[in-house]
$ cat target.txt   # compact mmCIF, C-alpha atoms (C1' of nucleotides)
# COMPACT_ATOMS: atom_id res chain seq x y z
CA MET A 1 79.95 119.88 83.25
CA THR A 2 81.65 122.28 80.90
CA LEU A 3 84.96 120.63 81.65
CA THR A 4 83.63 117.14 81.00
CA GLN A 5 82.67 118.03 77.47
CA GLN A 6 86.01 119.69 76.99
CA GLU A 7 87.98 116.62 78.04
CA LEU A 8 86.25 114.03 75.92
CA PRO A 9 88.52 114.37 72.89
CA GLU A 10 91.55 114.15 75.16
CA LEU A 11 90.35 110.81 76.50
CA GLU A 12 89.68 109.37 73.08
CA GLU A 13 93.07 110.40 71.86
CA ARG A 14 94.84 108.83 74.80
CA ALA A 15 92.97 105.57 74.49
CA ASP A 16 93.74 105.29 70.80
CA HIS A 17 97.34 106.16 71.36
CA CYS A 18 97.85 103.52 74.03
CA ALA A 19 96.04 100.91 72.00
CA THR A 20 97.97 101.30 68.78
CA VAL A 21 101.46 102.47 69.72
CA GLU A 22 103.00 99.52 71.57
CA ARG A 23 106.20 100.35 73.41
CA PRO A 24 108.89 98.42 71.54
CA HIS A 25 111.08 95.93 73.36
CA PRO A 26 114.38 97.38 74.60
CA ARG A 27 116.25 94.70 72.68
CA PRO A 28 115.22 92.58 69.69
CA ASP A 29 114.30 88.92 70.03
CA GLY A 30 117.44 86.81 70.27
CA GLN A 31 119.29 89.40 72.37
CA ASP A 32 116.55 89.56 74.97
CA ARG A 33 118.06 88.34 78.22
CA TYR A 34 117.22 91.03 80.74
CA THR A 35 118.34 91.07 84.38
CA ILE A 36 115.73 91.53 87.06
CA SER A 37 116.70 95.16 87.63
CA GLU A 38 116.43 95.96 83.94
CA VAL A 39 112.93 94.53 83.98
CA ALA A 40 112.13 96.51 87.12
CA ASP A 41 113.23 99.71 85.37
CA HIS A 42 111.26 98.87 82.26
CA THR A 43 108.01 97.83 83.95
CA GLY A 44 108.04 100.12 86.97
CA LEU A 45 107.62 97.11 89.25
CA SER A 46 110.17 96.55 92.03
CA VAL A 47 112.57 93.63 91.96
CA HIS A 48 110.84 92.40 95.11
CA THR A 49 107.52 92.39 93.31
CA LEU A 50 108.96 90.59 90.29
CA ARG A 51 110.35 87.81 92.47
CA TRP A 52 107.10 87.70 94.44
CA TYR A 53 105.03 87.38 91.23
CA GLU A 54 107.12 84.38 90.34
CA ARG A 55 106.68 82.78 93.77
CA ILE A 56 102.90 83.03 93.67
CA GLY A 57 102.67 81.59 90.17
CA LEU A 58 101.84 84.77 88.30
CA MET A 59 104.84 84.41 85.97
CA PRO A 60 105.67 81.64 83.54
CA HIS A 61 108.99 79.90 84.03
CA ILE A 62 111.81 82.45 83.79
CA ASP A 63 115.13 81.38 82.25
CA ARG A 64 118.20 81.43 84.49
CA SER A 65 121.83 82.24 83.74
CA HIS A 66 124.48 79.60 84.48
CA THR A 67 124.82 81.15 87.96
CA GLY A 68 121.12 80.98 88.66
CA GLN A 69 120.22 84.60 87.98
CA ARG A 70 116.94 85.37 86.25
CA ARG A 71 117.10 86.28 82.56
CA TYR A 72 113.81 87.69 81.31
CA ARG A 73 112.79 87.46 77.64
CA ASN A 74 110.71 89.81 75.51
CA ARG A 75 107.67 87.57 75.96
CA ASP A 76 108.08 87.98 79.73
CA LEU A 77 107.96 91.75 79.28
CA ASP A 78 104.79 91.34 77.24
CA TRP A 79 103.22 89.26 79.95
CA LEU A 80 104.21 91.80 82.60
CA ALA A 81 102.71 94.57 80.51
CA LEU A 82 99.40 92.73 80.50
CA VAL A 83 99.62 92.03 84.22
CA ASN A 84 100.36 95.68 84.84
CA LYS A 85 97.31 96.77 82.87
CA LEU A 86 95.02 94.33 84.60
CA ARG A 87 96.48 95.40 87.95
CA LEU A 88 95.61 99.01 87.18
CA THR A 89 92.03 97.99 86.48
CA GLY A 90 91.81 96.69 90.04
CA MET A 91 91.86 93.02 89.11
CA ALA A 92 92.88 90.90 92.10
CA VAL A 93 96.27 89.22 91.87
CA ALA A 94 94.61 85.90 92.66
CA ASP A 95 92.47 86.24 89.52
CA MET A 96 95.53 86.97 87.43
CA VAL A 97 97.15 83.86 88.85
CA ARG A 98 94.05 81.93 87.81
CA TYR A 99 94.48 83.26 84.28
CA ALA A 100 98.19 82.38 84.31
CA ASP A 101 97.20 78.84 85.35
CA LEU A 102 94.86 78.58 82.39
CA VAL A 103 97.64 79.69 80.04
CA ARG A 104 99.95 77.05 81.52
CA GLN A 105 97.33 74.34 81.08
CA GLY A 106 97.36 74.74 77.31
CA ASP A 107 95.13 75.53 74.38
CA HIS A 108 92.09 73.63 75.60
CA THR A 109 91.48 76.42 78.13
CA PHE A 110 90.80 78.98 75.39
CA PRO A 111 87.04 79.19 76.13
CA GLU A 112 87.62 79.63 79.83
CA ARG A 113 90.26 82.31 79.23
CA ARG A 114 87.92 84.08 76.89
CA ALA A 115 85.13 84.04 79.47
CA LEU A 116 87.49 85.43 82.09
CA LEU A 117 88.58 88.25 79.81
CA ILE A 118 84.99 89.08 78.92
CA ALA A 119 84.06 89.27 82.59
CA THR A 120 87.05 91.52 83.16
CA ARG A 121 85.98 93.65 80.25
CA GLU A 122 82.53 94.13 81.78
CA ASP A 123 84.20 95.10 85.00
CA VAL A 124 86.38 97.66 83.25
CA LEU A 125 83.29 99.16 81.58
CA ARG A 126 81.61 99.47 84.96
CA ARG A 127 84.66 101.18 86.41
CA ILE A 128 84.83 103.63 83.54
CA ALA A 129 81.17 104.49 84.08
CA GLU A 130 81.83 105.01 87.79
CA LEU A 131 84.78 107.24 87.06
CA ARG A 132 82.83 109.35 84.59
CA SER A 133 80.08 109.77 87.13
CA THR A 134 82.64 110.81 89.73
CA LEU A 135 84.10 113.22 87.23
CA SER A 136 80.72 114.95 86.94
CA VAL A 137 80.52 115.33 90.68
CA LEU A 138 84.06 116.70 90.85
CA ASP A 139 83.36 119.18 88.06
CA PHE A 140 80.21 120.33 89.82
CA LYS A 141 82.08 120.97 93.05
CA ILE A 142 85.07 122.53 91.34
CA ASP A 143 82.71 124.93 89.55
CA ILE A 144 81.23 125.96 92.88
CA TYR A 145 84.61 126.57 94.46
CA THR A 146 85.75 128.46 91.38
CA GLU A 147 82.80 130.86 91.73
CA TYR A 148 83.76 131.45 95.35
CA THR A 149 87.49 131.82 94.95
CA GLU A 150 87.73 133.58 91.58
CA PRO A 151 84.60 135.68 91.10
CA ALA A 152 84.84 137.51 87.77
CA ALA A 153 85.07 141.29 88.24
CA ASP A 154 82.05 141.99 86.03
CA THR A 155 79.84 139.29 87.53
CA VAL A 156 77.32 139.76 90.31
CA LEU A 157 78.13 137.36 93.15
CA VAL A 158 75.57 134.56 93.29
CA SER A 159 73.89 134.31 96.65
CA GLU A 160 73.58 130.54 96.41
CA ARG A 161 75.72 128.77 98.96
CA ALA A 162 78.29 126.08 98.23
CA ASP A 163 76.47 122.83 98.90
CA ALA A 164 76.80 121.35 102.37
CA THR A 165 78.81 118.34 101.35
CA ALA A 166 81.40 120.29 99.39
CA MET B 1 88.05 97.43 68.74
CA THR B 2 84.64 96.77 67.29
CA LEU B 3 83.29 96.31 70.76
CA THR B 4 84.88 99.51 72.05
CA GLN B 5 83.08 101.58 69.46
CA GLN B 6 79.90 99.76 70.24
CA GLU B 7 80.08 100.51 73.95
CA LEU B 8 80.77 104.23 73.77
CA PRO B 9 77.11 105.30 73.78
CA GLU B 10 76.48 103.02 76.75
CA LEU B 11 79.21 104.75 78.72
CA GLU B 12 78.01 108.22 77.90
CA GLU B 13 74.49 107.35 78.86
CA ARG B 14 75.56 105.93 82.18
CA ALA B 15 77.74 108.89 83.03
CA ASP B 16 74.98 111.35 82.26
CA HIS B 17 72.48 109.32 84.15
CA CYS B 18 74.58 109.17 87.30
CA ALA B 19 75.44 112.83 87.07
CA THR B 20 71.96 114.20 86.69
CA VAL B 21 69.63 111.75 88.41
CA GLU B 22 70.56 112.05 92.09
CA ARG B 23 69.14 109.25 94.20
CA PRO B 24 66.63 110.99 96.44
CA HIS B 25 66.94 110.78 100.21
CA PRO B 26 64.91 107.96 101.78
CA ARG B 27 63.16 110.51 104.00
CA PRO B 28 62.70 114.25 103.58
CA ASP B 29 64.68 116.78 105.60
CA GLY B 30 63.22 117.09 109.07
CA GLN B 31 62.39 113.37 109.33
CA ASP B 32 65.95 112.34 108.52
CA ARG B 33 67.27 110.52 111.59
CA TYR B 34 68.63 107.25 110.23
CA THR B 35 70.07 104.45 112.34
CA ILE B 36 73.49 103.11 111.46
CA SER B 37 72.06 99.99 109.85
CA GLU B 38 69.70 102.02 107.68
CA VAL B 39 72.69 104.00 106.49
CA ALA B 40 74.61 100.79 105.89
CA ASP B 41 71.77 99.49 103.72
CA HIS B 42 71.50 102.74 101.82
CA THR B 43 75.20 103.28 101.18
CA GLY B 44 76.39 99.70 100.85
CA LEU B 45 79.02 100.30 103.51
CA SER B 46 79.10 98.04 106.55
CA VAL B 47 78.19 99.35 110.00
CA HIS B 48 81.78 98.58 110.99
CA THR B 49 83.05 100.77 108.22
CA LEU B 50 80.67 103.59 109.13
CA ARG B 51 81.89 103.59 112.73
CA TRP B 52 85.47 103.30 111.58
CA TYR B 53 85.07 106.28 109.22
CA GLU B 54 83.90 108.31 112.20
CA ARG B 55 86.82 107.20 114.35
CA ILE B 56 89.43 108.24 111.79
CA GLY B 57 87.85 111.64 111.23
CA LEU B 58 86.33 111.00 107.83
CA MET B 59 82.82 111.91 109.02
CA PRO B 60 81.54 115.17 110.43
CA HIS B 61 79.96 115.01 113.87
CA ILE B 62 77.00 112.61 113.82
CA ASP B 63 73.97 113.36 116.03
CA ARG B 64 73.13 110.91 118.78
CA SER B 65 69.80 109.77 120.20
CA HIS B 66 69.12 110.26 123.92
CA THR B 67 70.55 106.76 124.46
CA GLY B 68 73.74 107.53 122.57
CA GLN B 69 72.92 105.81 119.29
CA ARG B 70 73.97 107.45 116.05
CA ARG B 71 71.29 109.26 114.07
CA TYR B 72 72.46 110.15 110.57
CA ARG B 73 70.97 113.09 108.64
CA ASN B 74 70.44 113.55 104.91
CA ARG B 75 73.57 115.68 104.71
CA ASP B 76 75.52 112.73 106.17
CA LEU B 77 74.18 110.53 103.39
CA ASP B 78 75.32 113.14 100.87
CA TRP B 79 78.77 113.19 102.37
CA LEU B 80 78.93 109.39 102.32
CA ALA B 81 77.87 109.38 98.67
CA LEU B 82 80.81 111.62 97.87
CA VAL B 83 83.19 109.52 99.94
CA ASN B 84 81.95 106.41 98.20
CA LYS B 85 82.57 107.90 94.78
CA LEU B 86 86.04 109.08 95.68
CA ARG B 87 86.78 105.68 97.19
CA LEU B 88 85.83 104.00 93.92
CA THR B 89 88.27 106.22 92.08
CA GLY B 90 91.05 104.80 94.23
CA MET B 91 91.54 107.90 96.37
CA ALA B 92 93.32 107.00 99.61
CA VAL B 93 91.23 107.26 102.76
CA ALA B 94 93.91 109.48 104.28
CA ASP B 95 93.39 111.99 101.46
CA MET B 96 89.67 112.00 102.05
CA VAL B 97 90.33 112.66 105.73
CA ARG B 98 92.49 115.58 104.66
CA TYR B 99 89.59 116.93 102.65
CA ALA B 100 87.20 116.40 105.56
CA ASP B 101 89.62 118.37 107.74
CA LEU B 102 89.53 121.26 105.28
CA VAL B 103 85.73 121.25 105.34
CA ARG B 104 85.78 121.34 109.15
CA GLN B 105 88.21 124.25 109.16
CA GLY B 106 85.71 126.52 107.42
CA ASP B 107 85.25 128.62 104.33
CA HIS B 108 88.77 130.02 104.19
CA THR B 109 89.96 126.61 102.93
CA PHE B 110 87.96 126.93 99.70
CA PRO B 111 91.06 127.44 97.50
CA GLU B 112 92.83 124.47 99.03
CA ARG B 113 89.75 122.25 98.65
CA ARG B 114 89.43 123.34 95.06
CA ALA B 115 93.07 122.47 94.37
CA LEU B 116 92.59 119.07 95.95
CA LEU B 117 89.52 118.36 93.83
CA ILE B 118 91.29 119.48 90.68
CA ALA B 119 94.21 117.17 91.42
CA THR B 120 91.75 114.35 92.02
CA ARG B 121 90.03 115.19 88.76
CA GLU B 122 93.33 114.87 86.88
CA ASP B 123 93.87 111.53 88.54
CA VAL B 124 90.43 110.33 87.49
CA LEU B 125 91.14 111.35 83.90
CA ARG B 126 94.38 109.39 83.99
CA ARG B 127 92.58 106.34 85.31
CA ILE B 128 89.92 106.54 82.65
CA ALA B 129 92.64 106.70 80.00
CA GLU B 130 94.34 103.67 81.53
CA LEU B 131 91.09 101.75 81.60
CA ARG B 132 90.30 102.58 78.00
CA SER B 133 93.74 101.41 77.00
CA THR B 134 93.23 98.19 78.94
CA LEU B 135 89.89 97.79 77.24
CA SER B 136 91.62 97.83 73.85
CA VAL B 137 93.99 95.12 74.96
CA LEU B 138 91.14 93.02 76.30
CA ASP B 139 89.14 93.43 73.11
CA PHE B 140 92.16 92.43 71.07
CA LYS B 141 92.65 89.26 73.08
CA ILE B 142 88.96 88.45 73.22
CA ASP B 143 88.80 88.73 69.44
CA ILE B 144 91.65 86.26 69.12
CA TYR B 145 90.01 83.76 71.46
CA THR B 146 86.70 84.20 69.68
CA GLU B 147 88.31 83.23 66.40
CA TYR B 148 89.68 80.09 68.01
CA THR B 149 86.64 79.02 69.97
CA GLU B 150 83.79 80.05 67.66
CA PRO B 151 85.01 79.91 64.08
CA ALA B 152 82.15 80.90 61.78
CA ALA B 153 81.04 78.01 59.57
CA ASP B 154 81.49 80.00 56.35
CA THR B 155 84.91 81.42 57.29
CA VAL B 156 88.30 79.98 56.42
CA LEU B 157 90.28 79.38 59.63
CA VAL B 158 93.05 81.92 59.94
CA SER B 159 96.44 80.33 60.38
CA GLU B 160 97.71 83.14 62.61
CA ARG B 161 98.39 81.92 66.14
CA ALA B 162 96.95 83.43 69.33
CA ASP B 163 99.67 85.77 70.57
CA ALA B 164 102.10 84.37 73.10
CA THR B 165 100.96 86.48 76.02
CA ALA B 166 97.28 85.70 75.59
C1' DC C 1 60.46 88.80 133.82
C1' DA C 2 63.38 86.55 130.49
C1' DC C 3 64.72 86.93 125.85
C1' DT C 4 65.92 88.90 121.59
C1' DT C 5 67.50 92.57 118.80
C1' DG C 6 70.14 96.49 117.80
C1' DC C 7 73.47 99.49 119.10
C1' DC C 8 77.65 101.03 121.87
C1' DT C 9 83.05 100.99 122.86
C1' DG C 10 88.15 100.00 122.61
C1' DG C 11 91.01 97.05 120.85
C1' DA C 12 92.46 92.95 118.31
C1' DG C 13 92.45 90.40 113.96
C1' DT C 14 92.33 89.76 108.77
C1' DG C 15 93.52 89.77 103.83
C1' DC C 16 95.87 91.80 100.32
C1' DA C 17 99.82 93.32 97.92
C1' DC C 18 103.71 94.15 98.47
C1' DT C 19 108.46 95.20 100.96
C1' DC C 20 112.32 94.15 103.54
C1' DC C 21 115.87 91.28 105.95
C1' DA C 22 119.73 88.03 106.86
C1' DG C 23 122.98 85.53 105.06
C1' DC C 24 124.65 83.73 101.10
C1' DT C 25 127.00 83.40 95.94
C1' DC C 26 129.00 85.29 91.94
C1' DC C 27 131.31 88.72 89.14
C1' DT C 28 133.87 92.97 88.19
C1' DT C 29 136.99 96.66 89.12
C1' DA C 30 141.13 98.70 91.72
C1' DT D 1 143.07 89.77 96.54
C1' DA D 2 140.06 92.80 98.59
C1' DA D 3 136.07 95.44 98.16
C1' DG D 4 131.74 96.55 96.09
C1' DG D 5 127.67 95.59 93.68
C1' DA D 6 124.05 92.75 91.86
C1' DG D 7 121.55 88.77 92.49
C1' DC D 8 119.76 84.56 95.20
C1' DT D 9 116.47 82.29 98.99
C1' DG D 10 112.97 81.61 102.73
C1' DG D 11 110.72 83.98 105.81
C1' DA D 12 109.37 88.05 108.44
C1' DG D 13 107.44 92.71 108.38
C1' DT D 14 104.50 96.68 106.67
C1' DG D 15 100.54 99.65 105.46
C1' DC D 16 96.05 99.94 104.13
C1' DA D 17 91.24 99.33 104.63
C1' DC D 18 88.52 97.23 106.69
C1' DT D 19 86.34 93.41 109.92
C1' DC D 20 85.45 91.23 114.05
C1' DC D 21 85.20 90.47 119.11
C1' DA D 22 84.02 90.85 124.02
C1' DG D 23 81.42 92.87 127.14
C1' DG D 24 77.79 96.01 128.02
C1' DC D 25 73.35 99.01 127.57
C1' DA D 26 68.51 100.05 126.07
C1' DA D 27 64.09 99.03 123.99
C1' DG D 28 60.53 95.88 122.45
C1' DT D 29 57.99 91.19 122.77
C1' DG D 30 55.59 86.89 124.87
$ encode --input "target.txt" --output "structure tokens"
Amino acid sequence: MTLTQQELPELEERADHCATVERPHPRPDGQDRYTISEVADHTGLSVHTLRWYERIGLMPHIDRSHTGQRRYRNRDLDWLALVNKLRLTGMAVADMVRYADLVRQGDHTFPERRALLIATREDVLRRIAELRSTLSVLDFKIDIYTEYTEPAADTVLVSERADATA
Amino acid sequence: MTLTQQELPELEERADHCATVERPHPRPDGQDRYTISEVADHTGLSVHTLRWYERIGLMPHIDRSHTGQRRYRNRDLDWLALVNKLRLTGMAVADMVRYADLVRQGDHTFPERRALLIATREDVLRRIAELRSTLSVLDFKIDIYTEYTEPAADTVLVSERADATA
DNA sequence: CACTTGCCTGGAGTGCACTCCAGCTCCTTA
DNA sequence: TAAGGAGCTGGAGTGCACTCCAGGCAAGTG
């Protein structure tokens, strides 16, 4: 409990930071022709995964060099950043492919895209609520274990037992 | 952004609610001998999953009826509630089994259990931060689509284009 | 008594999201 | 020019977390 209160500012700060400070592109537009391994380094995804994303239709068309090697652009990095975020929220890859399809189909899919994002947003809110609830449980149990493993010298030991499920 | 601010109270409320209002046991201690399907209904886990959890060592010993059928107790429901929460945070089943092992080994594992919970807690905080960051991105994109799909009658249409990765 | 329902077991199967492999081309460096 | 390294493809393999199946037992119902 105590810890939850303590951490709130930390969370806010992080969220704001991530929202406003976009990681800049490694190279400016015009000189943005990244190899697959550069993109892997930048995004944290493996080269296997990058090729696989393309196969399943999760990526837009990727430019190729004259020898057929992939050359990613800054907009591809942006797309991958979004995919990465959605992935971390637990969104299924199939749903992301659905969204990619909508983008490919053109501007008339704006309402559908919007609906999909709003549904995702609701889902993210639910997950945050779940996590905060879990955090309370963890703090409760950690407090109990702390009492048992680090009893303060000037404190009378509580006779209460650590709860059965701890 | 606007929406994020708006939702904060909702999140807090939910977290507090889940933390403080424990769902009571369906039956009081002493009359708590639930069949596997009752437990499945209560926890939302399938009977398959419940049996599988037992097989892999994620459950403590479960009582059996004279005919060999499982009879779960209230403390088993409590344990499953914890497992369910940890599962929703993305904790690997193998890690939960590790924790269950520590519980089985007895009180001398208190420090190790505490360390494990603290590590999990850090992980949960990271996930919450990620989700909040994703939320910002979603709100940003939703705002853009809202402008394009529901332009207010008294508002001049902005000429800015929806960003490329939307 | 037959029938249905619920539970039991060990083991096989499923879906997802990667992850790796074999065999190839192309380019650079010694 | 030989060797090494990065990239290419289609397809096979992996690990996780379930999910289902076959075959059987026990209790309740008409």
$ residues_around --input "target.txt" --residues "segment 10-21 of chain C" --least-positions-apart "5" --cutoff "12 Å" --atoms "all atoms listed in the file" --output "number ranges by chain"
A: 45-53, 56, 87, 90-94; B: 52, 55; D: 9-23
$ atom_distance --input "target.txt" --atom1 "atom CA of Tyr99 of chain B" --atom2 "atom CA of Pro60 of chain B"
11.3 Å
$ residues_near_point --input "target.txt" --point "(75.0, 95.5, 120.2)" --cutoff "9 Å" --atoms "all atoms listed in the file" --output "PyMOL selection string"
(chain C and resi 5-8) or (chain D and resi 24-25)
$ atom_distance --input "target.txt" --atom1 "atom CA of Glu147 of chain B" --atom2 "atom CA of Val83 of chain A"
22.9 Å
$ residues_around --input "target.txt" --residues "Arg114 of chain A" --least-positions-apart "3" --cutoff "6 Å" --atoms "all atoms listed in the file" --output "ChimeraX atom specification"
/A:111,117 /B:142,145
$ closest_residue --input "target.txt" --among "A:Met59, A:Arg23, A:Tyr34, A:Thr67" --to "chain C" --atoms "all atoms listed in the file"
A:Thr67
$ atom_distance --input "target.txt" --atom1 "atom CA of Arg33 of chain B" --atom2 "atom CA of Tyr72 of chain B"
5.3 Å
$ residues_near_point --input "target.txt" --point "(129.8, 86.0, 91.0)" --cutoff "10 Å" --atoms "all atoms listed in the file" --output "list in words"
Thr67 of chain A; DT25, DC26, DC27 and DT28 of chain C; DA6 and DG7 of chain D
$ residues_around --input "target.txt" --residues "Gly68 of chain B" --least-positions-apart "3" --cutoff "12 Å" --atoms "only C-alpha atoms (C1' of nucleotides)" --output "JSON, numbers by chain"
{"B": [35, 36, 62, 63, 64, 65, 71], "C": [7, 8, 9], "D": [25, 26]}
$ write_last_selection --input "target.txt" --atoms "C-alpha atoms (C1' of nucleotides)" --output "tab-separated table (two decimals), in the coordinates of the input"
chain	number	residue	atom	x	y	z
B	35	THR	CA	70.07	104.45	112.34
B	36	ILE	CA	73.49	103.11	111.46
B	62	ILE	CA	77.00	112.61	113.82
B	63	ASP	CA	73.97	113.36	116.03
B	64	ARG	CA	73.13	110.91	118.78
B	65	SER	CA	69.80	109.77	120.20
B	71	ARG	CA	71.29	109.26	114.07
C	7	DC	C1'	73.47	99.49	119.10
C	8	DC	C1'	77.65	101.03	121.87
C	9	DT	C1'	83.05	100.99	122.86
D	25	DC	C1'	73.35	99.01	127.57
D	26	DA	C1'	68.51	100.05	126.07
$ residues_around --input "target.txt" --residues "Asp95 of chain B" --least-positions-apart "4" --cutoff "10 Å" --atoms "all atoms listed in the file" --output "ChimeraX atom specification"
/B:58,86,91,99-101,116,120
$ residues_around --input "target.txt" --residues "Phe110 of chain B" --least-positions-apart "6" --cutoff "9 Å" --atoms "only C-alpha atoms (C1' of nucleotides)" --output "number ranges by chain"
A: 145-146, 148-149; B: 102-103
$ write_last_selection --input "target.txt" --atoms "C-alpha atoms" --output "tab-separated table (two decimals), keeping the file's coordinate frame"
chain	number	residue	atom	x	y	z
A	145	TYR	CA	84.61	126.57	94.46
A	146	THR	CA	85.75	128.46	91.38
A	148	TYR	CA	83.76	131.45	95.35
A	149	THR	CA	87.49	131.82	94.95
B	102	LEU	CA	89.53	121.26	105.28
B	103	VAL	CA	85.73	121.25	105.34
$ closest_atom_pairs --input "target.txt" --of "chain B" --to "chain A" --cutoff "7 Å" --atoms "only C-alpha atoms" --output "tab-separated table"
residue	atom	partner	partner_atom	distance
B:Leu11	CA	A:Ala129	CA	5.7
B:Arg14	CA	A:Ala129	CA	6.1
B:Ala15	CA	A:Ser133	CA	4.8
B:Cys18	CA	A:Ser133	CA	5.5
B:Ala19	CA	A:Ser133	CA	5.6
B:Arg75	CA	A:Thr165	CA	6.8
B:Asp78	CA	A:Thr165	CA	6.3
B:Trp79	CA	A:Thr165	CA	5.3
B:Lys85	CA	A:Thr134	CA	5.8
B:Thr89	CA	A:Leu131	CA	6.2
B:Phe110	CA	A:Tyr145	CA	6.2
B:Pro111	CA	A:Thr149	CA	6.2
B:Arg114	CA	A:Ile142	CA	5.8
B:Leu117	CA	A:Leu138	CA	6.4
B:Ile118	CA	A:Ile142	CA	7.0
B:Arg121	CA	A:Leu135	CA	6.4
B:Val124	CA	A:Leu131	CA	6.5
B:Ile128	CA	A:Ile128	CA	5.9
B:Ala129	CA	A:Ala15	CA	5.6
B:Leu131	CA	A:Thr89	CA	6.2
B:Arg132	CA	A:Ala15	CA	5.3
B:Ser133	CA	A:Ala15	CA	4.9
B:Thr134	CA	A:Lys85	CA	5.8
B:Leu135	CA	A:Arg121	CA	6.4
B:Ser136	CA	A:Ala19	CA	5.7
B:Val137	CA	A:Ala19	CA	6.8
B:Leu138	CA	A:Leu117	CA	6.5
B:Ile142	CA	A:Arg114	CA	5.8
B:Tyr145	CA	A:Arg114	CA	5.8
B:Thr149	CA	A:Pro111	CA	6.2
B:Thr165	CA	A:Trp79	CA	5.3
$ write_last_selection --input "target.txt" --atoms "C-alpha atoms" --output "mmCIF file, in the frame of the given file"
data_model
loop_
_atom_site.group_PDB
_atom_site.id
_atom_site.type_symbol
_atom_site.label_atom_id
_atom_site.label_comp_id
_atom_site.auth_asym_id
_atom_site.auth_seq_id
_atom_site.Cartn_x
_atom_site.Cartn_y
_atom_site.Cartn_z
ATOM 1 C CA LEU B 11 79.210 104.750 78.720
ATOM 2 C CA ARG B 14 75.560 105.930 82.180
ATOM 3 C CA ALA B 15 77.740 108.890 83.030
ATOM 4 C CA CYS B 18 74.580 109.170 87.300
ATOM 5 C CA ALA B 19 75.440 112.830 87.070
ATOM 6 C CA ARG B 75 73.570 115.680 104.710
ATOM 7 C CA ASP B 78 75.320 113.140 100.870
ATOM 8 C CA TRP B 79 78.770 113.190 102.370
ATOM 9 C CA LYS B 85 82.570 107.900 94.780
ATOM 10 C CA THR B 89 88.270 106.220 92.080
ATOM 11 C CA PHE B 110 87.960 126.930 99.700
ATOM 12 C CA PRO B 111 91.060 127.440 97.500
ATOM 13 C CA ARG B 114 89.430 123.340 95.060
ATOM 14 C CA LEU B 117 89.520 118.360 93.830
ATOM 15 C CA ILE B 118 91.290 119.480 90.680
ATOM 16 C CA ARG B 121 90.030 115.190 88.760
ATOM 17 C CA VAL B 124 90.430 110.330 87.490
ATOM 18 C CA ILE B 128 89.920 106.540 82.650
ATOM 19 C CA ALA B 129 92.640 106.700 80.000
ATOM 20 C CA LEU B 131 91.090 101.750 81.600
ATOM 21 C CA ARG B 132 90.300 102.580 78.000
ATOM 22 C CA SER B 133 93.740 101.410 77.000
ATOM 23 C CA THR B 134 93.230 98.190 78.940
ATOM 24 C CA LEU B 135 89.890 97.790 77.240
ATOM 25 C CA SER B 136 91.620 97.830 73.850
ATOM 26 C CA VAL B 137 93.990 95.120 74.960
ATOM 27 C CA LEU B 138 91.140 93.020 76.300
ATOM 28 C CA ILE B 142 88.960 88.450 73.220
ATOM 29 C CA TYR B 145 90.010 83.760 71.460
ATOM 30 C CA THR B 149 86.640 79.020 69.970
ATOM 31 C CA THR B 165 100.960 86.480 76.020
#
$ closest_residue --input "target.txt" --among "B:Ser37, B:Ala119, B:Gly57, B:Arg73" --to "chain C" --atoms "all atoms listed in the file"
B:Ser37
$ closest_residue --input "target.txt" --among "B:His61, B:Asp32, B:Glu54, B:Gln69" --to "chain C" --atoms "all atoms listed in the file"
B:Gln69
